[in-house]
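Peer 1: What follows is model-v2.txt; its format and atoms are compact mmCIF, C-alpha atoms.
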# COMPACT_ATOMS: atom_id res chain seq x y z
CA MET A 4 -6.91 8.81 -20.78
CA ALA A 5 -3.41 9.91 -21.89
CA ILE A 6 -0.42 9.59 -19.58
CA ASN A 7 1.14 12.93 -18.64
CA LYS A 8 4.88 12.37 -19.15
CA ASP A 9 5.76 15.26 -16.76
CA ASN A 10 4.26 13.60 -13.66
CA LEU A 11 5.69 10.12 -14.11
CA GLN A 12 6.86 8.25 -11.08
CA ARG A 13 8.42 4.79 -10.70
CA TYR A 14 6.04 2.17 -9.29
CA THR A 15 6.67 -1.44 -8.30
CA VAL A 16 3.52 -3.55 -8.49
CA GLY A 17 3.15 -7.07 -7.10
CA VAL A 18 0.44 -9.30 -8.57
CA LEU A 19 -0.56 -12.73 -7.25
CA VAL A 20 -2.07 -14.78 -10.05
CA ASN A 21 -3.23 -18.32 -10.73
CA ASN A 22 -0.26 -20.40 -11.89
CA GLU A 23 -1.65 -21.41 -15.28
CA PRO A 24 -0.80 -21.02 -18.98
CA GLY A 25 -1.49 -17.62 -20.57
CA VAL A 26 -1.63 -15.60 -17.35
CA LEU A 27 1.51 -13.56 -18.05
CA SER A 28 0.22 -12.72 -21.52
CA ARG A 29 -3.13 -11.49 -20.13
CA VAL A 30 -1.47 -9.37 -17.42
CA SER A 31 1.20 -7.86 -19.66
CA GLY A 32 -1.41 -7.27 -22.37
CA LEU A 33 -3.37 -5.12 -19.95
CA PHE A 34 -0.29 -2.92 -19.42
CA PHE A 35 0.17 -2.68 -23.18
CA ARG A 36 -3.46 -1.68 -23.78
CA ARG A 37 -3.16 1.04 -21.13
CA GLY A 38 -0.01 2.47 -22.76
CA PHE A 39 2.44 1.51 -20.00
CA ASN A 40 5.98 0.55 -20.84
CA ILE A 41 7.09 -2.24 -18.52
CA GLU A 42 10.56 -1.32 -17.24
CA SER A 43 11.08 -4.63 -15.44
CA LEU A 44 9.15 -7.86 -15.10
CA ALA A 45 9.82 -10.96 -13.01
CA VAL A 46 7.53 -13.93 -12.49
CA GLY A 47 7.75 -17.20 -10.63
CA PRO A 48 5.82 -19.58 -8.40
CA THR A 49 5.24 -18.76 -4.75
CA GLN A 50 5.31 -21.07 -1.72
CA ASP A 51 1.87 -22.20 -2.98
CA GLN A 52 2.53 -23.94 -6.33
CA THR A 53 -0.94 -22.94 -7.60
CA ILE A 54 -0.09 -19.23 -7.28
CA SER A 55 2.57 -17.22 -9.15
CA ARG A 56 3.88 -13.79 -8.24
CA ILE A 57 4.51 -11.20 -10.92
CA THR A 58 6.60 -8.16 -10.01
CA ILE A 59 6.33 -5.31 -12.49
CA VAL A 60 8.17 -1.97 -12.48
CA ILE A 61 6.54 0.79 -14.51
CA ASN A 62 6.51 4.56 -14.76
CA GLY A 63 3.18 6.33 -14.45
CA ASP A 64 1.17 8.80 -12.44
CA GLU A 65 -0.96 8.00 -9.42
CA ALA A 66 -4.30 8.19 -11.24
CA HIS A 67 -3.19 5.77 -13.95
CA ILE A 68 -1.72 3.35 -11.41
CA GLU A 69 -5.02 3.29 -9.48
CA GLN A 70 -6.91 2.63 -12.72
CA LEU A 71 -4.42 -0.10 -13.63
CA VAL A 72 -4.93 -1.83 -10.27
CA GLN A 73 -8.72 -1.78 -10.79
CA GLN A 74 -8.29 -3.23 -14.30
CA LEU A 75 -5.97 -5.98 -13.01
CA TYR A 76 -8.61 -7.06 -10.48
CA LYS A 77 -11.05 -7.54 -13.40
CA LEU A 78 -8.85 -10.32 -14.79
CA ILE A 79 -10.14 -13.67 -13.49
CA CYS A 80 -6.59 -15.00 -13.03
CA VAL A 81 -5.58 -12.15 -10.67
CA GLN A 82 -5.92 -12.90 -6.95
CA LYS A 83 -4.28 -9.86 -5.36
CA VAL A 84 -2.51 -6.64 -6.41
CA GLN A 85 -0.19 -4.51 -4.31
CA VAL A 86 1.55 -1.25 -5.20
CA PHE A 87 4.67 -1.23 -3.05
CA ASP A 88 5.72 1.76 -0.95
CA PRO A 89 9.44 2.17 -1.79
CA ARG A 90 10.23 3.19 1.81
CA LYS A 91 8.82 -0.10 3.10
CA THR A 92 10.11 -2.44 0.40
CA VAL A 93 13.23 -4.47 -0.29
CA GLU A 94 13.86 -4.56 -4.05
CA LYS A 95 16.65 -6.53 -5.71
CA GLN A 96 17.74 -7.54 -9.17
CA LEU A 97 20.30 -10.07 -10.41
CA VAL A 98 22.71 -9.34 -13.25
CA LEU A 99 25.17 -11.67 -14.94
CA VAL A 100 27.83 -9.80 -16.91
CA LYS A 101 30.63 -11.24 -19.02
CA VAL A 102 33.68 -8.97 -18.94
CA ASN A 103 36.81 -9.05 -21.10
CA VAL A 104 39.69 -9.30 -18.68
CA GLY A 105 43.20 -10.60 -19.16
CA LEU A 106 45.54 -11.76 -16.44
CA HIS A 107 47.01 -8.26 -15.95
CA GLU A 108 43.66 -6.56 -15.25
CA ARG A 109 42.27 -9.16 -12.85
CA ASP A 110 43.54 -7.57 -9.64
CA GLY A 111 41.70 -4.32 -10.35
CA LEU A 112 38.55 -6.15 -11.35
CA MET A 113 38.67 -8.31 -8.21
CA ARG A 114 38.81 -5.14 -6.09
CA LEU A 115 35.59 -4.00 -7.77
CA VAL A 116 34.04 -7.41 -7.14
CA ASP A 117 34.91 -7.08 -3.43
CA ILE A 118 33.72 -3.47 -3.12
CA PHE A 119 30.35 -4.24 -4.74
CA LYS A 120 30.00 -7.64 -3.03
CA ALA A 121 29.63 -9.29 -6.42
CA LYS A 122 30.60 -12.89 -7.15
CA VAL A 123 32.70 -14.53 -9.82
CA SER A 124 30.55 -17.20 -11.51
CA ASP A 125 32.99 -18.25 -14.24
CA ILE A 126 36.55 -17.48 -15.29
CA THR A 127 38.64 -18.15 -18.40
CA LYS A 128 41.95 -16.74 -19.68
CA GLU A 129 40.21 -13.82 -21.40
CA SER A 130 36.94 -13.29 -19.54
CA MET A 131 35.00 -13.49 -16.30
CA ILE A 132 31.30 -13.80 -15.63
CA LEU A 133 30.28 -11.75 -12.62
CA GLN A 134 27.07 -12.03 -10.63
CA ILE A 135 25.81 -8.72 -9.22
CA THR A 136 22.81 -8.56 -6.91
CA GLY A 137 21.31 -5.38 -5.56
CA ASP A 138 19.22 -2.33 -6.25
CA VAL A 139 19.26 -0.45 -9.54
CA ASP A 140 21.72 2.20 -8.34
CA LYS A 141 24.31 -0.36 -7.19
CA ILE A 142 24.04 -2.36 -10.40
CA THR A 143 24.22 0.74 -12.59
CA ALA A 144 27.31 2.00 -10.75
CA MET A 145 29.15 -1.30 -11.14
CA LEU A 146 28.20 -1.68 -14.81
CA ARG A 147 29.57 1.80 -15.54
CA LEU A 148 32.89 0.82 -13.98
CA LEU A 149 32.94 -2.49 -15.85
CA GLU A 150 32.62 -0.68 -19.20
CA ASP A 151 36.34 0.18 -18.92
CA TYR A 152 37.14 -3.55 -19.05
CA GLY A 153 34.87 -4.26 -22.00
CA ILE A 154 31.46 -5.80 -21.41
CA GLU A 155 30.75 -8.72 -23.75
CA GLU A 156 27.26 -9.69 -22.58
CA ILE A 157 24.71 -8.72 -19.94
CA VAL A 158 21.59 -10.52 -18.78
CA ARG A 159 19.29 -9.16 -16.06
CA THR A 160 16.41 -10.57 -14.12
CA GLY A 161 13.48 -8.33 -13.48
CA MET A 162 13.17 -6.56 -10.16
CA VAL A 163 11.77 -8.63 -7.30
CA ALA A 164 10.31 -7.04 -4.19
CA LEU A 165 8.97 -7.88 -0.75
CA GLU A 166 7.47 -5.57 1.83
CA ARG A 167 9.60 -5.14 4.96
CA GLY A 168 8.55 -6.33 8.41
CA ASP A 169 5.53 -8.39 9.33
CA ASN A 170 3.40 -7.27 6.37
CA LYS A 171 3.03 -9.80 3.58
CA MET A 172 1.16 -10.08 0.33
CA SER A 173 -1.25 -12.88 1.22
CA LEU A 174 -4.46 -14.29 -0.16
CA ASP A 175 -5.73 -14.85 3.37
CA PRO A 176 -8.43 -12.17 3.96
CA PHE A 177 -7.72 -12.20 7.70
CA GLU A 178 -4.03 -11.26 7.36
Transcribe the structure of this file into structure tokens.

Peer 2:
Amino acid sequence: MAINKDNLQRYTVGVLVNNEPGVLSRVSGLFFRRGFNIESLAVGPTQDQTISRITIVINGDEAHIEQLVQQLYKLICVQKVQVFDPRKTVEKQLVLVKVNVGLHERDGLMRLVDIFKAKVSDITKESMILQITGDVDKITAMLRLLEDYGIEEIVRTGMVALERGDNKMSLDPFE
């Protein structure tokens, strides 16, 4: 089944998996076999050390996402899958960016840091490492402004997401 590029939508998918070697490879391999390009991927242990949470951002259409969820459940290591509703989800990403900045440009850069609620993680005579946390739009806007200073390096985490309110992604069948 080919993916129709005209009807693509951004989806954030949460997957609870057994915390064991090879799980990430099996899950990401499934996306590869189905022709999905993973836009963002983050993985880490949960409050239960035997379970890891994978958060994946992909573009697709509704039919392919439903098929993907069914295929994920066929993997023995997968415990639960949730496609997040963007209106009911908090999504964040962390970016570290090293910027060229001399003493004369620091005041302007510090105003940007304040406006975007970023943090200075390191500082030398010629550069600063900034920590930016937020949604994609906030991060993109700040990175565009930082280009004027000269970006040396960027590293990004994948998107992480939690559903708002009392709802939670749990393995407990009664929740």

Peer 1: Taking 5 positions as the minimum chain separation for residues in the same chain, which residues sit within 9 Å of Glu42 of chain A when counting only C-alpha atoms? Answer as a PDB file with C-alpha atoms, in the frame of the given file.

Peer 2:
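Wrote part22.pdb, looks like this:
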ATOM      1  CA  ILE A  59       6.330  -5.310 -12.490  1.00  0.00           C
ATOM      2  CA  VAL A  60       8.170  -1.970 -12.480  1.00  0.00           C
ATOM      3  CA  ILE A  61       6.540   0.790 -14.510  1.00  0.00           C
ATOM      4  CA  ASN A  62       6.510   4.560 -14.760  1.00  0.00           C
ATOM      5  CA  GLY A 161      13.480  -8.330 -13.480  1.00  0.00           C
TER       6      GLY A 161
END

Peer 1: Would you mind telling me which residue in A:Val123, A:Tyr152, A:Leu44, A:Arg90 lies nearest to Gly111 of chain A when using all atoms listed in the file?

Peer 2: A:Tyr152

Peer 1: Show me the residues around (-8.6, -10.7, -4.8) - criterion: an atom at most 12 Å away, only C-alpha atoms counted - as a PyMOL selection string.

Peer 2: chain A and resi 18-21+72-73+75-85+172-176

Peer 1: Just C-alpha atoms for this one: save the residues we selected as an mmCIF file, in the coordinates of the input.

Peer 2:
data_model
loop_
_atom_site.group_PDB
_atom_site.id
_atom_site.type_symbol
_atom_site.label_atom_id
_atom_site.label_comp_id
_atom_site.auth_asym_id
_atom_site.auth_seq_id
_atom_site.Cartn_x
_atom_site.Cartn_y
_atom_site.Cartn_z
ATOM 1 C CA VAL A 18 0.440 -9.300 -8.570
ATOM 2 C CA LEU A 19 -0.560 -12.730 -7.250
ATOM 3 C CA VAL A 20 -2.070 -14.780 -10.050
ATOM 4 C CA ASN A 21 -3.230 -18.320 -10.730
ATOM 5 C CA VAL A 72 -4.930 -1.830 -10.270
ATOM 6 C CA GLN A 73 -8.720 -1.780 -10.790
ATOM 7 C CA LEU A 75 -5.970 -5.980 -13.010
ATOM 8 C CA TYR A 76 -8.610 -7.060 -10.480
ATOM 9 C CA LYS A 77 -11.050 -7.540 -13.400
ATOM 10 C CA LEU A 78 -8.850 -10.320 -14.790
ATOM 11 C CA ILE A 79 -10.140 -13.670 -13.490
ATOM 12 C CA CYS A 80 -6.590 -15.000 -13.030
ATOM 13 C CA VAL A 81 -5.580 -12.150 -10.670
ATOM 14 C CA GLN A 82 -5.920 -12.900 -6.950
ATOM 15 C CA LYS A 83 -4.280 -9.860 -5.360
ATOM 16 C CA VAL A 84 -2.510 -6.640 -6.410
ATOM 17 C CA GLN A 85 -0.190 -4.510 -4.310
ATOM 18 C CA MET A 172 1.160 -10.080 0.330
ATOM 19 C CA SER A 173 -1.250 -12.880 1.220
ATOM 20 C CA LEU A 174 -4.460 -14.290 -0.160
ATOM 21 C CA ASP A 175 -5.730 -14.850 3.370
ATOM 22 C CA PRO A 176 -8.430 -12.170 3.960
#

Peer 1: Could you list, with a cut-off of 10 Å and counting all atoms listed in the file, the residues of segment 38-95 of chain A near segment 134-143 of chain A, each shown with its nearest atom pair and the distance in Å rounded to one decimal, rows sorted by chain and ascending number, as a Markdown table?

Peer 2:
| residue | atom | partner | partner_atom | distance |
| --- | --- | --- | --- | --- |
| A:Val93 | CA | A:Asp138 | CA | 8.7 |
| A:Glu94 | CA | A:Asp138 | CA | 6.2 |
| A:Lys95 | CA | A:Gly137 | CA | 4.8 |

Peer 1: Within 12 Å of His107 of chain A, counting all atoms listed in the file, which residues qualify if same-chain residues fewer than 2 places away don't, as a ChimeraX atom specification?

Peer 2: /A:103-105,109-113,128-130,152

Peer 1: Compare A:Leu99, A:Leu165, A:Leu71, A:Leu106 by their minimum atom-to-atom distance to Ala121 of chain A, counting all atoms listed in the file, and give me the closest one.

Peer 2: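 Of A:Leu99, A:Leu165, A:Leu71, A:Leu106, the one nearest Ala121 of chain A is A:Leu99, counting all atoms listed in the file.
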
Peer 1: Using only C-alpha atoms, collect all residues at a distance of at most 9 Å from (3.9, -18.3, -10.3) as written in the file, then present them as a count of residues only.

Peer 2: 16

Peer 1: Counting all atoms listed in the file, figure out which residue out of A:Glu69, A:Asp64, A:Asp88, A:Glu108 gets nearest to Leu149 of chain A.

Peer 2: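 Among the listed residues, the smallest separation from Leu149 of chain A belongs to A:Glu108.
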
Peer 1: One decimal, Å: what's the distance from atom CA of Glu156 of chain A over to atom CA of Val102 of chain A, could you say?

Peer 2: 7.4 Å
